[in-house]
Amino acid sequence: MAPTRVAAIDCGTNTIRLLIADAHPDGGPTGWHLERVQRRSTIVRLGQGVDRTGRLDEGALERALDVVTDYAERIRATGARSTRFVATSATRDASNRDVFVNGVRQRLGIEPEVVSGQEEARLSFAGSLLGARGGARRLVVDLGGGSTELVLGARAPEAAISLDTGSVRVTERYLADGVTSAAEAAARAHVRDLLDRAEEVMDLGATEELVGLAGTITTITAHALSLTDFEPDSIHGSRLPLGTVLASCEAILRSTAAERESWDYLRPGRRDVIAAGALVWSEVIGRVAERTGEAGRPLESAVTSLTDILDGIALSLADRADQRRD
């Protein structure tokens, strides 16, 4: 069967990403292998101020739509047969989201989808399965700018929840003036309250493998690996002791602006929010470690995946194309 060329766009609170890929059927857990044609990532901070105002900022809208224009040209140039644009937390929360939706429609010629937290979680889980081996029950954590998705399952989601916390939201709400003792305590209390909600719908103690996705976690992994630059081959699939990851979270949380600027793996648009992201990741790890310990199966490591919701969107397009053939 000839491969299907698809174009996936993931529009989050901090970043808009594009994946153009050829989908080849295979016998893996997703049924597909994605051969990358182009992969792009641009930090636009679409969610700037949304937590406070409930609206998308005009400057953020302009930045985001400029990127969509660029991505539309790339999609046309590569001849992708189908495109899916998925917008998540910031767009979900904005009262003026129609302005953005209409702008995307004009540039791409398709209807952008403002998906629910549950759909976001499902797509993230699907993307994380690319290349996965074994049937361990995994807790997939997609830590974004405005929301964090937790999905528990082996080959398919058994339970999922989207939590209104992330690197941009926590920064703007608690850490905008720096990491003081009081601000840190309030931020941690916020995350812990949300993890209490997560435990109402899933058993974190059943986690056999902890898998982290998205820019915050890949950056923390680069720090933990003592990389000098962002090295995808070193980061993807890396398995690190929880103590090592937590030590990096702590170091990032206490880091100075000059230190963050010196880390070549940390992109400029993430420097001001990475401390909040490290705080959220440390709280998730701490809770999962506690619950698996109580269950008599203490978790010892965390895995980082570079395949995530963006790949999940591409997989959904491949599935749709396959269904049309049938």
# chains A, B, ... in the order shown; residues from 1 in each chain; ligands from 1

call {"tool": "select_by_dssp", "arguments": {"residues": "stretch 196-324 of chain A", "states": "strand (DSSP E or B)", "output": "JSON list (two decimals) with C-alpha atoms, in the first residue's frame"}}
result
[["chain", "number", "residue", "atom", "x", "y", "z"],
["A", 209, "GLU", "CA", 5.79, 3.03, 33.42],
["A", 210, "LEU", "CA", 5.78, 6.83, 33.62],
["A", 211, "VAL", "CA", 6.10, 8.55, 30.22],
["A", 212, "GLY", "CA", 6.58, 12.30, 29.91],
["A", 213, "LEU", "CA", 5.79, 14.33, 26.77],
["A", 239, "ARG", "CA", 14.91, 6.33, 30.94],
["A", 240, "LEU", "CA", 16.17, 8.19, 33.99],
["A", 241, "PRO", "CA", 15.96, 7.44, 37.72],
["A", 301, "SER", "CA", 12.32, 5.72, 36.57],
["A", 302, "ALA", "CA", 10.65, 7.99, 34.03],
["A", 303, "VAL", "CA", 10.76, 7.75, 30.24],
["A", 304, "THR", "CA", 10.76, 10.76, 27.90]]

call {"tool": "residues_around", "arguments": {"residues": "A:Leu150", "least_positions_apart": "5", "cutoff": "12 Å", "atoms": "only C-alpha atoms", "output": "PyMOL selection string"}}
result
chain A and resi 117-125+138-144+157-165+194-195+197-199+201-204+207+210-213+281+284-285+288

call {"tool": "closest_residue", "arguments": {"among": "A:Ala278, A:Gly166, A:Gly127, A:Gly205", "to": "A:Gly296", "atoms": "only C-alpha atoms"}}
result
A:Gly205

call {"tool": "closest_residue", "arguments": {"among": "A:Ser147, A:Ser255, A:Thr53, A:Gln38", "to": "A:Val170", "atoms": "only C-alpha atoms"}}
result
A:Ser147

call {"tool": "atom_distance", "arguments": {"atom1": "atom CA of A:His190", "atom2": "atom CA of A:Ser238"}}
result
29.1 Å

call {"tool": "select_by_dssp", "arguments": {"residues": "stretch 157-316 of chain A", "states": "helix (DSSP H, G or I)", "output": "ChimeraX atom specification"}}
result
/A:167-175,181-198,204-206,215-224,232-235,242-253,257-262,268-270,274-294,309-316

call {"tool": "write_last_selection", "arguments": {"atoms": "C-alpha atoms", "output": "compact mmCIF listing (two decimals), in the first residue's frame"}}
result
# COMPACT_ATOMS: atom_id res chain seq x y z
CA SER A 167 4.09 26.08 32.61
CA VAL A 168 2.48 29.29 31.34
CA ARG A 169 -0.59 29.15 33.58
CA VAL A 170 1.43 28.51 36.75
CA THR A 171 3.96 31.20 35.84
CA GLU A 172 1.31 33.86 35.25
CA ARG A 173 -0.79 32.89 38.24
CA TYR A 174 1.92 32.27 40.87
CA LEU A 175 5.51 32.85 39.73
CA SER A 181 8.74 30.69 49.26
CA ALA A 182 5.13 31.86 49.40
CA ALA A 183 4.65 31.74 45.63
CA GLU A 184 6.16 28.27 45.39
CA ALA A 185 3.97 26.98 48.22
CA ALA A 186 0.85 28.36 46.54
CA ALA A 187 1.82 26.87 43.18
CA ARG A 188 2.47 23.45 44.70
CA ALA A 189 -0.84 23.54 46.56
CA HIS A 190 -2.58 24.32 43.26
CA VAL A 191 -0.97 21.34 41.49
CA ARG A 192 -1.62 19.00 44.43
CA ASP A 193 -5.31 19.93 44.49
CA LEU A 194 -5.56 19.05 40.80
CA LEU A 195 -3.74 15.75 41.32
CA ASP A 196 -6.32 14.95 44.00
CA ARG A 197 -8.94 15.39 41.26
CA ALA A 198 -6.97 13.13 38.95
CA LEU A 204 -1.91 6.35 39.98
CA GLY A 205 -0.61 3.42 42.02
CA ALA A 206 -1.29 1.14 39.03
CA GLY A 215 8.68 20.73 25.67
CA THR A 216 8.90 21.20 29.41
CA ILE A 217 9.70 17.54 30.05
CA THR A 218 12.10 17.21 27.12
CA THR A 219 13.96 20.29 28.41
CA ILE A 220 14.18 18.86 31.93
CA THR A 221 15.46 15.61 30.42
CA ALA A 222 18.16 17.50 28.48
CA HIS A 223 19.23 19.12 31.75
CA ALA A 224 19.25 15.77 33.56
CA PRO A 232 16.68 14.37 19.98
CA ASP A 233 18.38 10.98 19.71
CA SER A 234 19.64 11.25 23.28
CA ILE A 235 16.34 12.52 24.69
CA LEU A 242 13.26 9.50 39.40
CA GLY A 243 15.84 10.99 41.75
CA THR A 244 17.83 12.28 38.79
CA VAL A 245 14.77 13.90 37.22
CA LEU A 246 13.69 15.45 40.52
CA ALA A 247 17.18 16.86 41.06
CA SER A 248 16.99 18.55 37.66
CA CYS A 249 13.52 19.92 38.43
CA GLU A 250 14.89 21.42 41.64
CA ALA A 251 17.95 22.89 39.90
CA ILE A 252 15.78 24.47 37.20
CA LEU A 253 13.35 25.85 39.76
CA ALA A 257 18.01 33.98 34.36
CA ALA A 258 21.70 33.94 33.37
CA GLU A 259 21.90 30.19 33.94
CA ARG A 260 18.80 29.54 31.86
CA GLU A 261 20.18 31.71 29.07
CA SER A 262 23.36 29.62 29.02
CA PRO A 268 14.23 31.61 24.53
CA GLY A 269 10.43 31.41 24.49
CA ARG A 270 10.52 28.77 27.23
CA ILE A 274 10.44 26.48 32.58
CA ALA A 275 10.65 26.87 36.37
CA ALA A 276 6.88 26.52 36.66
CA GLY A 277 6.95 23.52 34.35
CA ALA A 278 9.65 21.88 36.49
CA LEU A 279 7.51 22.45 39.56
CA VAL A 280 4.50 20.76 37.96
CA TRP A 281 6.56 17.78 36.74
CA SER A 282 8.14 17.34 40.18
CA GLU A 283 4.70 17.24 41.80
CA VAL A 284 3.41 14.64 39.32
CA ILE A 285 6.50 12.46 39.84
CA GLY A 286 6.26 12.79 43.61
CA ARG A 287 2.60 11.76 43.67
CA VAL A 288 3.10 8.78 41.34
CA ALA A 289 6.14 7.62 43.30
CA GLU A 290 4.17 7.84 46.53
CA ARG A 291 1.19 5.89 45.21
CA THR A 292 3.21 3.15 43.50
CA GLY A 293 5.23 2.78 46.71
CA GLU A 294 2.06 2.37 48.72
CA ILE A 309 -0.01 14.72 20.52
CA LEU A 310 1.39 16.01 17.21
CA ASP A 311 2.09 12.42 16.13
CA GLY A 312 -1.29 11.39 17.48
CA ILE A 313 -2.97 13.95 15.19
CA ALA A 314 -1.03 12.57 12.21
CA LEU A 315 -2.06 9.03 13.15
CA SER A 316 -5.72 10.07 13.29

call {"tool": "closest_residue", "arguments": {"among": "A:Arg97, A:Arg45, A:Arg84, A:Arg107", "to": "A:Asp66", "atoms": "only C-alpha atoms"}}
result
A:Arg107

call {"tool": "residues_around", "arguments": {"residues": "stretch 74-78 of chain A", "least_positions_apart": "4", "cutoff": "8 Å", "atoms": "only C-alpha atoms", "output": "JSON, numbers by chain"}}
result
{"A": [7, 20, 70]}

call {"tool": "write_last_selection", "arguments": {"atoms": "all heavy atoms", "output": "short mmCIF file (atom, residue, chain, number, x, y, z; two decimals), in the first residue's frame"}}
result
data_model
loop_
_atom_site.label_atom_id
_atom_site.label_comp_id
_atom_site.auth_asym_id
_atom_site.auth_seq_id
_atom_site.Cartn_x
_atom_site.Cartn_y
_atom_site.Cartn_z
N ALA A 7 -0.68 16.11 7.14
CA ALA A 7 -0.13 17.29 7.81
C ALA A 7 -0.90 17.52 9.10
O ALA A 7 -2.13 17.69 9.07
CB ALA A 7 -0.23 18.51 6.90
N ILE A 20 4.56 17.16 8.96
CA ILE A 20 4.16 16.59 7.67
C ILE A 20 4.87 15.25 7.57
O ILE A 20 6.10 15.17 7.72
CB ILE A 20 4.56 17.51 6.50
CG1 ILE A 20 3.92 18.90 6.67
CG2 ILE A 20 4.12 16.89 5.17
CD1 ILE A 20 4.42 19.93 5.68
N ASP A 70 2.67 30.55 7.36
CA ASP A 70 3.90 29.85 6.96
C ASP A 70 3.66 28.35 6.84
O ASP A 70 4.07 27.71 5.86
CB ASP A 70 5.00 30.14 7.99
CG ASP A 70 6.26 29.32 7.71
OD1 ASP A 70 6.84 29.46 6.62
OD2 ASP A 70 6.66 28.54 8.61
#

call {"tool": "residues_around", "arguments": {"residues": "A:Asp26", "least_positions_apart": "4", "cutoff": "12 Å", "atoms": "only C-alpha atoms", "output": "PyMOL selection string"}}
result
chain A and resi 1+3+30-35+130-131+318

call {"tool": "closest_residue", "arguments": {"among": "A:Leu108, A:Ala90, A:Ala126, A:Ala132", "to": "A:Leu152", "atoms": "only C-alpha atoms"}}
result
A:Ala126

call {"tool": "decode", "arguments": {"residues": "stretch 246-267 of chain A", "atoms": "N, CA, C and O atoms", "output": "short mmCIF file (atom, residue, chain, number, x, y, z; two decimals), in the first residue's frame"}}
result
data_model
loop_
_atom_site.label_atom_id
_atom_site.label_comp_id
_atom_site.auth_asym_id
_atom_site.auth_seq_id
_atom_site.Cartn_x
_atom_site.Cartn_y
_atom_site.Cartn_z
N LEU A 246 14.09 14.50 39.47
CA LEU A 246 13.69 15.45 40.52
C LEU A 246 14.81 16.43 40.85
O LEU A 246 14.55 17.61 41.11
N ALA A 247 16.04 15.97 40.80
CA ALA A 247 17.18 16.86 41.06
C ALA A 247 17.25 17.93 39.97
O ALA A 247 17.55 19.11 40.26
N SER A 248 16.99 17.56 38.73
CA SER A 248 16.99 18.55 37.66
C SER A 248 15.82 19.52 37.80
O SER A 248 15.96 20.72 37.55
N CYS A 249 14.66 19.02 38.19
CA CYS A 249 13.52 19.92 38.43
C CYS A 249 13.88 20.96 39.49
O CYS A 249 13.59 22.16 39.34
N GLU A 250 14.51 20.51 40.56
CA GLU A 250 14.89 21.42 41.64
C GLU A 250 15.92 22.43 41.16
O GLU A 250 15.83 23.64 41.46
N ALA A 251 16.92 21.98 40.40
CA ALA A 251 17.95 22.89 39.90
C ALA A 251 17.35 23.93 38.97
O ALA A 251 17.72 25.12 39.02
N ILE A 252 16.42 23.53 38.12
CA ILE A 252 15.78 24.47 37.20
C ILE A 252 14.91 25.46 37.96
O ILE A 252 14.90 26.67 37.66
N LEU A 253 14.21 24.98 38.96
CA LEU A 253 13.35 25.85 39.76
C LEU A 253 14.17 26.93 40.46
O LEU A 253 13.71 28.07 40.62
N ARG A 254 15.39 26.60 40.88
CA ARG A 254 16.26 27.55 41.60
C ARG A 254 17.21 28.32 40.67
O ARG A 254 17.98 29.14 41.14
N SER A 255 17.15 28.06 39.37
CA SER A 255 18.12 28.64 38.45
C SER A 255 17.90 30.14 38.27
O SER A 255 16.80 30.67 38.46
N THR A 256 18.97 30.82 37.89
CA THR A 256 18.90 32.25 37.60
C THR A 256 18.63 32.45 36.11
O THR A 256 18.78 31.53 35.30
N ALA A 257 18.26 33.67 35.76
CA ALA A 257 18.01 33.98 34.36
C ALA A 257 19.27 33.77 33.52
O ALA A 257 19.21 33.28 32.39
N ALA A 258 20.43 34.12 34.09
CA ALA A 258 21.70 33.94 33.37
C ALA A 258 21.98 32.46 33.14
O ALA A 258 22.46 32.08 32.05
N GLU A 259 21.69 31.63 34.11
CA GLU A 259 21.90 30.19 33.94
C GLU A 259 21.00 29.65 32.85
O GLU A 259 21.44 28.89 31.97
N ARG A 260 19.74 30.04 32.87
CA ARG A 260 18.80 29.54 31.86
C ARG A 260 19.21 30.00 30.46
O ARG A 260 19.05 29.27 29.49
N GLU A 261 19.74 31.20 30.37
CA GLU A 261 20.18 31.71 29.07
C GLU A 261 21.38 30.93 28.54
O GLU A 261 21.58 30.82 27.32
N SER A 262 22.15 30.35 29.44
CA SER A 262 23.36 29.62 29.02
C SER A 262 23.06 28.21 28.55
O SER A 262 23.93 27.55 27.96
N TRP A 263 21.85 27.71 28.79
CA TRP A 263 21.50 26.35 28.40
C TRP A 263 21.00 26.36 26.95
O TRP A 263 19.88 26.79 26.66
N ASP A 264 21.80 25.85 26.04
CA ASP A 264 21.46 25.92 24.62
C ASP A 264 20.26 25.06 24.26
O ASP A 264 19.63 25.27 23.21
N TYR A 265 19.91 24.09 25.09
CA TYR A 265 18.75 23.25 24.82
C TYR A 265 17.45 23.92 25.24
O TYR A 265 16.36 23.41 24.97
N LEU A 266 17.54 25.05 25.92
CA LEU A 266 16.36 25.76 26.41
C LEU A 266 16.06 26.93 25.50
O LEU A 266 16.80 27.92 25.47
N ARG A 267 14.98 26.84 24.75
CA ARG A 267 14.65 27.88 23.77
C ARG A 267 14.23 29.16 24.48
O ARG A 267 13.61 29.13 25.55
#
